[in-house]
Amino acid sequence: RYKEAGQDTIILAGAEYGSGSSRDWAAKGPMLLGVKAVIAKSFERIHRSNLVGMGIIPLCFKPGEDADTLGLTGYERYTIDLPFKISEIRPGQDVNVTTNTGKSFICTLRFDTEVELAYFEHGGILQYVIRQLSKQQFSR
């Protein structure tokens with residue numbers, strides 16, 4: 001319903017988000033549903049990387065904070081204050097998140113490497129690889 005309406009969605013999650021045996025599909029599903037970001041207390045390591053590979057922004061609440069302590073219900077609309085240029089984003093950078101209800105809080109971007117930022121810039125790993133292959137093909 002949200003995707004059809006052109007409304008981006010996010011996921012508010014608890015600790016060790018993405019734990020389980022089907023992590024790659026657990027990242028593909030949200031991407032196909034139009035999820036743009038996940039804000040969690042923490043991520044299962046491989047799942048966080050898979051989210052980045054699908055073009056989904058992983059963010060962590062600050063220690064001691066979560067959706068409950070911040071009074072978030074999931075019905076709010078969120079604005080994630082990312083730098084306009086991806087070249088200005090740094091791994092582990094803090095960003096401000098605001099809601100349409102007036103709440104504001106700081107999250108840590110969980111892009112952990114420059115390579116992950118490159119994947120995000122291209123919308124995910126598949127788009128990144130396709131563009132790299134296209135460059136090689138046309139430079140011959």
# chains A, B, ... in the order shown; residues from 1 in each chain; ligands from 1
call {"tool": "closest_atom_pairs", "arguments": {"of": "region 46-68 of chain A", "to": "region 93-96 of chain A", "cutoff": "10 Å", "atoms": "only C-alpha atoms", "output": "CSV"}}
result
residue,atom,partner,partner_atom,distance
A:Leu59,CA,A:Val95,CA,8.9
A:Cys60,CA,A:Asp94,CA,9.3
A:Phe61,CA,A:Asp94,CA,9.9
A:Lys62,CA,A:Asp94,CA,9.3
call {"tool": "write_last_selection", "arguments": {"atoms": "C-alpha atoms", "output": "tab-separated table (two decimals), in the first residue's frame"}}
result
chain	number	residue	atom	x	y	z
A	59	LEU	CA	20.99	3.08	11.27
A	60	CYS	CA	21.50	2.34	14.96
A	61	PHE	CA	19.85	4.05	17.89
A	62	LYS	CA	22.31	5.51	20.37
call {"tool": "closest_residue", "arguments": {"among": "A:Gly14, A:Gly29, A:Gly74, A:Gly123", "to": "Ser42 (chain A)", "atoms": "only C-alpha atoms"}}
result
A:Gly14
call {"tool": "residues_around", "arguments": {"residues": "Ile10 (chain A)", "least_positions_apart": "6", "cutoff": "8 Å", "atoms": "only C-alpha atoms", "output": "number ranges by chain"}}
result
A: 35-39
call {"tool": "atom_distance", "arguments": {"atom1": "CA of Ile106 (chain A)", "atom2": "CA of Ile11 (chain A)"}}
result
16.0 Å
call {"tool": "decode", "arguments": {"residues": "region 91-135 of chain A", "atoms": "N, CA and C atoms", "output": "mmCIF file, in the first residue's frame"}}
result
data_model
loop_
_atom_site.group_PDB
_atom_site.id
_atom_site.type_symbol
_atom_site.label_atom_id
_atom_site.label_comp_id
_atom_site.auth_asym_id
_atom_site.auth_seq_id
_atom_site.Cartn_x
_atom_site.Cartn_y
_atom_site.Cartn_z
ATOM 1 N N PRO A 91 31.668 6.516 7.031
ATOM 2 C CA PRO A 91 31.272 5.347 7.824
ATOM 3 C C PRO A 91 31.163 5.691 9.306
ATOM 4 N N GLY A 92 30.075 5.258 9.936
ATOM 5 C CA GLY A 92 29.877 5.485 11.364
ATOM 6 C C GLY A 92 29.433 6.881 11.745
ATOM 7 N N GLN A 93 29.085 7.684 10.768
ATOM 8 C CA GLN A 93 28.679 9.070 11.010
ATOM 9 C C GLN A 93 27.341 9.132 11.748
ATOM 10 N N ASP A 94 27.185 10.119 12.629
ATOM 11 C CA ASP A 94 25.902 10.354 13.280
ATOM 12 C C ASP A 94 25.045 11.251 12.404
ATOM 13 N N VAL A 95 23.738 10.966 12.370
ATOM 14 C CA VAL A 95 22.788 11.779 11.616
ATOM 15 C C VAL A 95 21.570 12.051 12.484
ATOM 16 N N ASN A 96 20.909 13.142 12.201
ATOM 17 C CA ASN A 96 19.696 13.508 12.920
ATOM 18 C C ASN A 96 18.479 12.887 12.225
ATOM 19 N N VAL A 97 17.564 12.360 13.015
ATOM 20 C CA VAL A 97 16.306 11.831 12.515
ATOM 21 C C VAL A 97 15.188 12.611 13.205
ATOM 22 N N THR A 98 14.249 13.103 12.429
ATOM 23 C CA THR A 98 13.111 13.829 12.998
ATOM 24 C C THR A 98 11.821 13.173 12.534
ATOM 25 N N THR A 99 10.786 13.382 13.322
ATOM 26 C CA THR A 99 9.472 12.848 12.977
ATOM 27 C C THR A 99 8.501 13.996 12.765
ATOM 28 N N ASN A 100 7.403 13.680 12.127
ATOM 29 C CA ASN A 100 6.376 14.693 11.909
ATOM 30 C C ASN A 100 5.646 15.057 13.203
ATOM 31 N N THR A 101 5.944 14.333 14.289
ATOM 32 C CA THR A 101 5.331 14.649 15.585
ATOM 33 C C THR A 101 6.244 15.522 16.438
ATOM 34 N N GLY A 102 7.369 15.961 15.859
ATOM 35 C CA GLY A 102 8.266 16.870 16.564
ATOM 36 C C GLY A 102 9.384 16.210 17.339
ATOM 37 N N LYS A 103 9.480 14.889 17.291
ATOM 38 C CA LYS A 103 10.570 14.209 17.987
ATOM 39 C C LYS A 103 11.818 14.253 17.117
ATOM 40 N N SER A 104 12.955 14.334 17.787
ATOM 41 C CA SER A 104 14.232 14.363 17.091
ATOM 42 C C SER A 104 15.223 13.534 17.901
ATOM 43 N N PHE A 105 16.040 12.744 17.203
ATOM 44 C CA PHE A 105 17.035 11.925 17.875
ATOM 45 C C PHE A 105 18.192 11.673 16.922
ATOM 46 N N ILE A 106 19.314 11.274 17.494
ATOM 47 C CA ILE A 106 20.535 11.011 16.734
ATOM 48 C C ILE A 106 20.684 9.504 16.543
ATOM 49 N N CYS A 107 21.029 9.098 15.333
ATOM 50 C CA CYS A 107 21.351 7.701 15.025
ATOM 51 C C CYS A 107 22.730 7.645 14.385
ATOM 52 N N THR A 108 23.342 6.485 14.457
ATOM 53 C CA THR A 108 24.626 6.255 13.806
ATOM 54 C C THR A 108 24.396 5.508 12.502
ATOM 55 N N LEU A 109 24.905 6.074 11.415
ATOM 56 C CA LEU A 109 24.844 5.387 10.117
ATOM 57 C C LEU A 109 25.730 4.162 10.183
ATOM 58 N N ARG A 110 25.224 3.018 9.792
ATOM 59 C CA ARG A 110 26.014 1.799 9.841
ATOM 60 C C ARG A 110 26.536 1.393 8.467
ATOM 61 N N PHE A 111 26.939 2.383 7.677
ATOM 62 C CA PHE A 111 27.792 2.083 6.536
ATOM 63 C C PHE A 111 29.169 1.959 7.159
ATOM 64 N N ASP A 112 29.758 0.771 7.110
ATOM 65 C CA ASP A 112 31.000 0.552 7.839
ATOM 66 C C ASP A 112 32.252 0.682 6.981
ATOM 67 N N THR A 113 32.097 0.728 5.660
ATOM 68 C CA THR A 113 33.258 0.844 4.778
ATOM 69 C C THR A 113 32.933 1.778 3.608
ATOM 70 N N GLU A 114 33.951 2.231 2.952
ATOM 71 C CA GLU A 114 33.770 3.061 1.758
ATOM 72 C C GLU A 114 33.107 2.250 0.639
ATOM 73 N N VAL A 115 33.392 0.955 0.565
ATOM 74 C CA VAL A 115 32.771 0.093 -0.448
ATOM 75 C C VAL A 115 31.263 0.054 -0.243
ATOM 76 N N GLU A 116 30.827 -0.048 1.010
ATOM 77 C CA GLU A 116 29.391 -0.040 1.273
ATOM 78 C C GLU A 116 28.759 1.279 0.841
ATOM 79 N N LEU A 117 29.462 2.367 1.030
ATOM 80 C CA LEU A 117 28.951 3.662 0.559
ATOM 81 C C LEU A 117 28.826 3.674 -0.960
ATOM 82 N N ALA A 118 29.756 3.049 -1.650
ATOM 83 C CA ALA A 118 29.668 2.958 -3.117
ATOM 84 C C ALA A 118 28.447 2.141 -3.520
ATOM 85 N N TYR A 119 28.194 1.034 -2.831
ATOM 86 C CA TYR A 119 26.992 0.242 -3.119
ATOM 87 C C TYR A 119 25.741 1.075 -2.921
ATOM 88 N N PHE A 120 25.686 1.806 -1.809
ATOM 89 C CA PHE A 120 24.514 2.640 -1.519
ATOM 90 C C PHE A 120 24.335 3.728 -2.582
ATOM 91 N N GLU A 121 25.429 4.331 -2.993
ATOM 92 C CA GLU A 121 25.361 5.392 -4.006
ATOM 93 C C GLU A 121 24.718 4.886 -5.296
ATOM 94 N N HIS A 122 24.928 3.634 -5.611
ATOM 95 C CA HIS A 122 24.396 3.049 -6.844
ATOM 96 C C HIS A 122 23.047 2.365 -6.644
ATOM 97 N N GLY A 123 22.521 2.383 -5.410
ATOM 98 C CA GLY A 123 21.226 1.765 -5.152
ATOM 99 C C GLY A 123 21.302 0.304 -4.767
ATOM 100 N N GLY A 124 22.502 -0.193 -4.539
ATOM 101 C CA GLY A 124 22.700 -1.586 -4.141
ATOM 102 C C GLY A 124 23.833 -2.219 -4.916
ATOM 103 N N ILE A 125 24.213 -3.405 -4.484
ATOM 104 C CA ILE A 125 25.365 -4.080 -5.081
ATOM 105 C C ILE A 125 25.111 -4.491 -6.532
ATOM 106 N N LEU A 126 23.906 -4.924 -6.848
ATOM 107 C CA LEU A 126 23.620 -5.350 -8.223
ATOM 108 C C LEU A 126 23.797 -4.183 -9.198
ATOM 109 N N GLN A 127 23.230 -3.037 -8.856
ATOM 110 C CA GLN A 127 23.366 -1.875 -9.729
ATOM 111 C C GLN A 127 24.828 -1.433 -9.821
ATOM 112 N N TYR A 128 25.559 -1.525 -8.712
ATOM 113 C CA TYR A 128 26.974 -1.176 -8.705
ATOM 114 C C TYR A 128 27.759 -2.059 -9.670
ATOM 115 N N VAL A 129 27.550 -3.370 -9.579
ATOM 116 C CA VAL A 129 28.276 -4.320 -10.430
ATOM 117 C C VAL A 129 27.912 -4.095 -11.901
ATOM 118 N N ILE A 130 26.648 -3.896 -12.188
ATOM 119 C CA ILE A 130 26.225 -3.660 -13.581
ATOM 120 C C ILE A 130 26.904 -2.412 -14.137
ATOM 121 N N ARG A 131 26.957 -1.347 -13.349
ATOM 122 C CA ARG A 131 27.603 -0.119 -13.828
ATOM 123 C C ARG A 131 29.100 -0.317 -14.021
ATOM 124 N N GLN A 132 29.735 -1.082 -13.138
ATOM 125 C CA GLN A 132 31.162 -1.355 -13.292
ATOM 126 C C GLN A 132 31.428 -2.170 -14.553
ATOM 127 N N LEU A 133 30.584 -3.166 -14.804
ATOM 128 C CA LEU A 133 30.738 -3.968 -16.018
ATOM 129 C C LEU A 133 30.493 -3.141 -17.267
ATOM 130 N N SER A 134 29.521 -2.235 -17.214
ATOM 131 C CA SER A 134 29.243 -1.354 -18.352
ATOM 132 C C SER A 134 30.436 -0.462 -18.649
ATOM 133 N N LYS A 135 31.068 0.068 -17.597
ATOM 134 C CA LYS A 135 32.244 0.914 -17.783
ATOM 135 C C LYS A 135 33.353 0.131 -18.489
#
